[in-house]
Amino acid sequence: MEDAIRGDSGKNKVMRLKQLAVISGKGGTGKTTIVGAFASLSDNKVIADCDVDAPDLHLILHPEVITREEFRGAKVATIDRDTCTECGACVDICRFNAIEATTPSGFKVNPARCEGCGACVFGCEQDAITLNERISGYTIVSQTRYGKMVHAELKVGEEASGKLVTVVRTTARRVAEEEGCEMILIDGSPGIGCPVIASLTGVDLALVVTEPTMSGLHDLRRVIGVAGHFGIRPAVCINKYDLNEANSNEIMAYCSREGVPVVGKIPYDAVVTKAMVAGMPVVEYSDGTVSKAIKALWRHISRTL
Ligand code: SF4
Ligand code: SF4
């Protein structure tokens with residue numbers, strides 16, 4: 001993003017706000033390990049945890065909450081008992097079985113089942129049902145040792161994660177501008193659905209983390225296709241490449257055919273799990289081969305950005 005921003009001082013220090021998204025075709029490829037390490041290795045950035053369905057970056061970065069705002073991403077039906085004539089029509093209309101006849105309270109909506117589709121609102125001849133926004137989760141701005149972090153909590157059972165990712169990114173951008181940061185480091189959602197698209201929109205580079213398995217190659221193809229569709233420049237990192245070098249070679253051949261650079265190959269090492277258990281970025285926990293490979297990867301990425 002070619003945006004000029006100003007520093008804390010308000011002086012005319014013009015910088016270019018860059019956005020790096022680290023994504024993967026599915027969860028569990030080591031994406032968060034790499035983002036945690038990048039957080040440790042980079043300066044002057046805001047970190048955005050957009051993996052809102054399964055956030056775990058906080059386990060490494062230990063954020064301390066500064067602000068917490070309600071996120072209203074879904075709607076829920078409510079029945080006005082004074083207007084309801086208890087005809088029961090809405091029970092048949094609701095295909096999610098969210099409306100129940102209760103004694104002695106009459107007809108009630110079970111919020112855990114209500115999808116907010118609004119069919120019952122149109123079906124109630126008494127106009128006794130309304131749709132209201134509900135709190136689906138929270139967006140949070142926190143302080144970490146590595147700079148400000150924007151993250152989120154979704155309430156159990158809520159699925160409004162694409163919208164929530166957009167709110168996290170908008171908030172991260174605001175914080176980056178306020179702080180005069182040069183970069184937003186995004187821990188993106190895995191897969192190819194709404195949340196990953198919301199994670200990718202407008203970024204300068206998408207680093208796709210993959211593993212040397214056949215399903216890893218399949219997922220990689222899909223996620224590179226999504227990045228290409230939205231005009232996002234991708235680069236690939238093969239995590240645990242040495243667990244199956246034949247599959248790693250196949251991934252590299254695929255990337256070569258597609259013109260996608262493979263910018264990192266990280267070996268398998270149990271130290272990654274140990275660092276996670278210790279709650280530390282792996283590059284601070286160890287100076288072994290994994291940390292050296294991630295540092296080399298970061299040098300490459302920071303030059304590319
Ligand atoms: S359709 Fe309307 S009036 Fe009938 S039970 Fe439902 S809320 Fe009550
Ligand atoms: S809004 Fe849709 S899901 Fe919710 S109670 Fe009405 S019909 Fe059922």
# chains A, B, ... in the order shown; residues from 1 in each chain; ligands from 1
>>> residues_near_ligand(ligand="ligand 1", cutoff="6 Å", atoms="only C-alpha atoms and all ligand atoms", output="tab-separated table (two decimals) with C-alpha atoms, in the first residue's frame")
chain	number	residue	atom	x	y	z
A	79	ILE	CA	-40.21	-12.03	20.15
A	84	CYS	CA	-47.33	-12.37	20.14
A	85	THR	CA	-50.68	-14.23	19.88
A	86	GLU	CA	-48.94	-17.59	20.22
A	87	CYS	CA	-50.15	-18.85	16.84
A	88	GLY	CA	-47.01	-20.96	16.45
A	89	ALA	CA	-46.42	-20.09	12.77
A	90	CYS	CA	-42.83	-18.99	13.40
A	107	PHE	CA	-42.72	-18.49	22.36
A	124	CYS	CA	-45.17	-13.27	11.71
A	126	GLN	CA	-48.55	-9.84	14.18
A	128	ALA	CA	-44.13	-9.50	16.95
A	129	ILE	CA	-40.56	-10.40	15.90
>>> closest_atom_pairs(of="chain A", to="ligand 2", cutoff="8 Å", atoms="only C-alpha atoms and all ligand atoms", output="JSON lines")
{"residue": "A:Lys75", "atom": "CA", "partner": "ligand 2", "partner_atom_place_in_ligand_line": "1 (S)", "distance": 7.7}
{"residue": "A:Val76", "atom": "CA", "partner": "ligand 2", "partner_atom_place_in_ligand_line": "4 (Fe)", "distance": 5.8}
{"residue": "A:Ala77", "atom": "CA", "partner": "ligand 2", "partner_atom_place_in_ligand_line": "1 (S)", "distance": 4.9}
{"residue": "A:Thr78", "atom": "CA", "partner": "ligand 2", "partner_atom_place_in_ligand_line": "5 (S)", "distance": 7.8}
{"residue": "A:Cys90", "atom": "CA", "partner": "ligand 2", "partner_atom_place_in_ligand_line": "7 (S)", "distance": 7.0}
{"residue": "A:Val91", "atom": "CA", "partner": "ligand 2", "partner_atom_place_in_ligand_line": "8 (Fe)", "distance": 7.9}
{"residue": "A:Ile93", "atom": "CA", "partner": "ligand 2", "partner_atom_place_in_ligand_line": "7 (S)", "distance": 6.1}
{"residue": "A:Cys94", "atom": "CA", "partner": "ligand 2", "partner_atom_place_in_ligand_line": "7 (S)", "distance": 3.8}
{"residue": "A:Arg95", "atom": "CA", "partner": "ligand 2", "partner_atom_place_in_ligand_line": "8 (Fe)", "distance": 6.3}
{"residue": "A:Phe96", "atom": "CA", "partner": "ligand 2", "partner_atom_place_in_ligand_line": "3 (S)", "distance": 5.4}
{"residue": "A:Asn97", "atom": "CA", "partner": "ligand 2", "partner_atom_place_in_ligand_line": "8 (Fe)", "distance": 6.5}
{"residue": "A:Ala98", "atom": "CA", "partner": "ligand 2", "partner_atom_place_in_ligand_line": "5 (S)", "distance": 4.9}
{"residue": "A:Ile99", "atom": "CA", "partner": "ligand 2", "partner_atom_place_in_ligand_line": "5 (S)", "distance": 5.5}
{"residue": "A:Val109", "atom": "CA", "partner": "ligand 2", "partner_atom_place_in_ligand_line": "5 (S)", "distance": 5.7}
{"residue": "A:Asn110", "atom": "CA", "partner": "ligand 2", "partner_atom_place_in_ligand_line": "5 (S)", "distance": 7.4}
{"residue": "A:Pro111", "atom": "CA", "partner": "ligand 2", "partner_atom_place_in_ligand_line": "4 (Fe)", "distance": 7.5}
{"residue": "A:Arg113", "atom": "CA", "partner": "ligand 2", "partner_atom_place_in_ligand_line": "3 (S)", "distance": 6.6}
{"residue": "A:Cys114", "atom": "CA", "partner": "ligand 2", "partner_atom_place_in_ligand_line": "4 (Fe)", "distance": 3.7}
{"residue": "A:Glu115", "atom": "CA", "partner": "ligand 2", "partner_atom_place_in_ligand_line": "3 (S)", "distance": 4.1}
{"residue": "A:Gly116", "atom": "CA", "partner": "ligand 2", "partner_atom_place_in_ligand_line": "1 (S)", "distance": 3.8}
{"residue": "A:Cys117", "atom": "CA", "partner": "ligand 2", "partner_atom_place_in_ligand_line": "2 (Fe)", "distance": 3.9}
{"residue": "A:Gly118", "atom": "CA", "partner": "ligand 2", "partner_atom_place_in_ligand_line": "1 (S)", "distance": 3.9}
{"residue": "A:Ala119", "atom": "CA", "partner": "ligand 2", "partner_atom_place_in_ligand_line": "7 (S)", "distance": 4.4}
{"residue": "A:Cys120", "atom": "CA", "partner": "ligand 2", "partner_atom_place_in_ligand_line": "6 (Fe)", "distance": 4.2}
{"residue": "A:Val121", "atom": "CA", "partner": "ligand 2", "partner_atom_place_in_ligand_line": "6 (Fe)", "distance": 6.4}
{"residue": "A:Leu131", "atom": "CA", "partner": "ligand 2", "partner_atom_place_in_ligand_line": "1 (S)", "distance": 6.9}
>>> write_last_selection(atoms="C-alpha atoms", output="PDB file, in the first residue's frame")
ATOM      1  CA  LYS A  75     -28.258 -10.578  14.337  1.00  0.00           C
ATOM      2  CA  VAL A  76     -30.683 -12.446  16.546  1.00  0.00           C
ATOM      3  CA  ALA A  77     -34.488 -12.532  16.491  1.00  0.00           C
ATOM      4  CA  THR A  78     -36.502 -11.412  19.515  1.00  0.00           C
ATOM      5  CA  CYS A  90     -42.832 -18.991  13.399  1.00  0.00           C
ATOM      6  CA  VAL A  91     -41.931 -22.404  14.823  1.00  0.00           C
ATOM      7  CA  ILE A  93     -40.961 -21.180   9.518  1.00  0.00           C
ATOM      8  CA  CYS A  94     -37.636 -21.410  11.337  1.00  0.00           C
ATOM      9  CA  ARG A  95     -35.542 -24.106   9.647  1.00  0.00           C
ATOM     10  CA  PHE A  96     -32.913 -23.825  12.377  1.00  0.00           C
ATOM     11  CA  ASN A  97     -35.357 -24.916  15.110  1.00  0.00           C
ATOM     12  CA  ALA A  98     -34.487 -21.752  16.999  1.00  0.00           C
ATOM     13  CA  ILE A  99     -38.012 -20.932  18.185  1.00  0.00           C
ATOM     14  CA  VAL A 109     -35.968 -17.575  20.438  1.00  0.00           C
ATOM     15  CA  ASN A 110     -32.974 -19.696  21.373  1.00  0.00           C
ATOM     16  CA  PRO A 111     -30.091 -17.267  20.544  1.00  0.00           C
ATOM     17  CA  ARG A 113     -29.562 -21.548  17.322  1.00  0.00           C
ATOM     18  CA  CYS A 114     -30.768 -18.351  15.669  1.00  0.00           C
ATOM     19  CA  GLU A 115     -28.880 -17.590  12.430  1.00  0.00           C
ATOM     20  CA  GLY A 116     -30.452 -14.140  12.082  1.00  0.00           C
ATOM     21  CA  CYS A 117     -31.931 -14.997   8.671  1.00  0.00           C
ATOM     22  CA  GLY A 118     -35.077 -12.932   9.316  1.00  0.00           C
ATOM     23  CA  ALA A 119     -37.563 -15.447   7.847  1.00  0.00           C
ATOM     24  CA  CYS A 120     -39.654 -15.410  11.026  1.00  0.00           C
ATOM     25  CA  VAL A 121     -39.831 -11.601  10.923  1.00  0.00           C
ATOM     26  CA  LEU A 131     -33.987  -8.626  14.430  1.00  0.00           C
TER      27      LEU A 131
END
>>> residues_around(residues="segment 247-255 of chain A", least_positions_apart="2", cutoff="12 Å", atoms="only C-alpha atoms", output="PyMOL selection string")
chain A and resi 208-221+224-225+234-245+257-267
>>> select_by_dssp(residues="segment 102-223 of chain A", states="alpha helix (DSSP H)", output="JSON, numbers by chain")
{"A": [119, 120, 121, 122, 123, 161, 162, 163, 164, 165, 166, 167, 168, 169, 170, 171, 172, 173, 174, 175, 176, 177, 178, 179, 194, 195, 196, 197, 198, 199, 200, 214, 215, 216, 217, 218, 219, 220, 221, 222, 223]}
>>> select_by_dssp(residues="segment 127-262 of chain A", states="strand (DSSP E)", output="PyMOL selection string")
chain A and resi 129-134+137-144+147-154+183-187+205-210+234-239+262
>>> atom_distance(atom1="atom CA of Gly191 of chain A", atom2="atom CA of His58 of chain A")
20.5 Å
>>> closest_residue(among="A:Val65, A:Val272, A:Arg169, A:Thr32", to="Glu284 of chain A", atoms="only C-alpha atoms")
A:Val272
>>> closest_residue(among="A:Arg299, A:Arg81, A:Arg145, A:Lys45", to="Lys18 of chain A", atoms="only C-alpha atoms")
A:Lys45
>>> residues_around(residues="Val203 of chain A", least_positions_apart="4", cutoff="7 Å", atoms="only C-alpha atoms", output="list in words")
Met1, Gln19, Leu20, Ala21 and Ile232 of chain A
>>> atom_distance(atom1="atom CA of Gly162 of chain A", atom2="atom CA of Ile66 of chain A")
23.5 Å
>>> atom_distance(atom1="atom CA of Ala198 of chain A", atom2="atom CA of Ser161 of chain A")
9.2 Å
>>> closest_residue(among="A:Thr273, A:Asn44, A:Gly73, A:Thr29", to="Ser136 of chain A", atoms="only C-alpha atoms")
A:Gly73
>>> residues_around(residues="Val226 of chain A", least_positions_apart="4", cutoff="8 Å", atoms="only C-alpha atoms", output="PyMOL selection string")
chain A and resi 192+197+222+230
>>> write_last_selection(atoms="C-alpha atoms", output="PDB file, in the first residue's frame")
ATOM      1  CA  ILE A 192      -9.413 -20.074   1.253  1.00  0.00           C
ATOM      2  CA  ILE A 197      -9.712 -13.165   1.696  1.00  0.00           C
ATOM      3  CA  ARG A 222      -5.690 -23.324  -3.828  1.00  0.00           C
ATOM      4  CA  PHE A 230      -7.002 -10.798  -5.889  1.00  0.00           C
TER       5      PHE A 230
END
>>> residues_around(residues="Ala74 of chain A", least_positions_apart="3", cutoff="9 Å", atoms="only C-alpha atoms", output="short mmCIF file (atom, residue, chain, number, x, y, z; two decimals) with C-alpha atoms, in the first residue's frame")
data_model
loop_
_atom_site.label_atom_id
_atom_site.label_comp_id
_atom_site.auth_asym_id
_atom_site.auth_seq_id
_atom_site.Cartn_x
_atom_site.Cartn_y
_atom_site.Cartn_z
CA GLU A 115 -28.88 -17.59 12.43
CA GLY A 116 -30.45 -14.14 12.08
CA ASN A 132 -31.39 -7.04 16.68
CA GLU A 133 -27.60 -6.93 16.52
CA ARG A 134 -25.84 -9.06 19.08
CA ILE A 135 -22.33 -9.01 20.48
CA SER A 136 -20.42 -11.66 18.52
CA GLU A 158 -20.14 -17.30 16.38
CA GLU A 159 -19.03 -17.44 12.75
CA ALA A 160 -18.78 -13.81 11.70
#
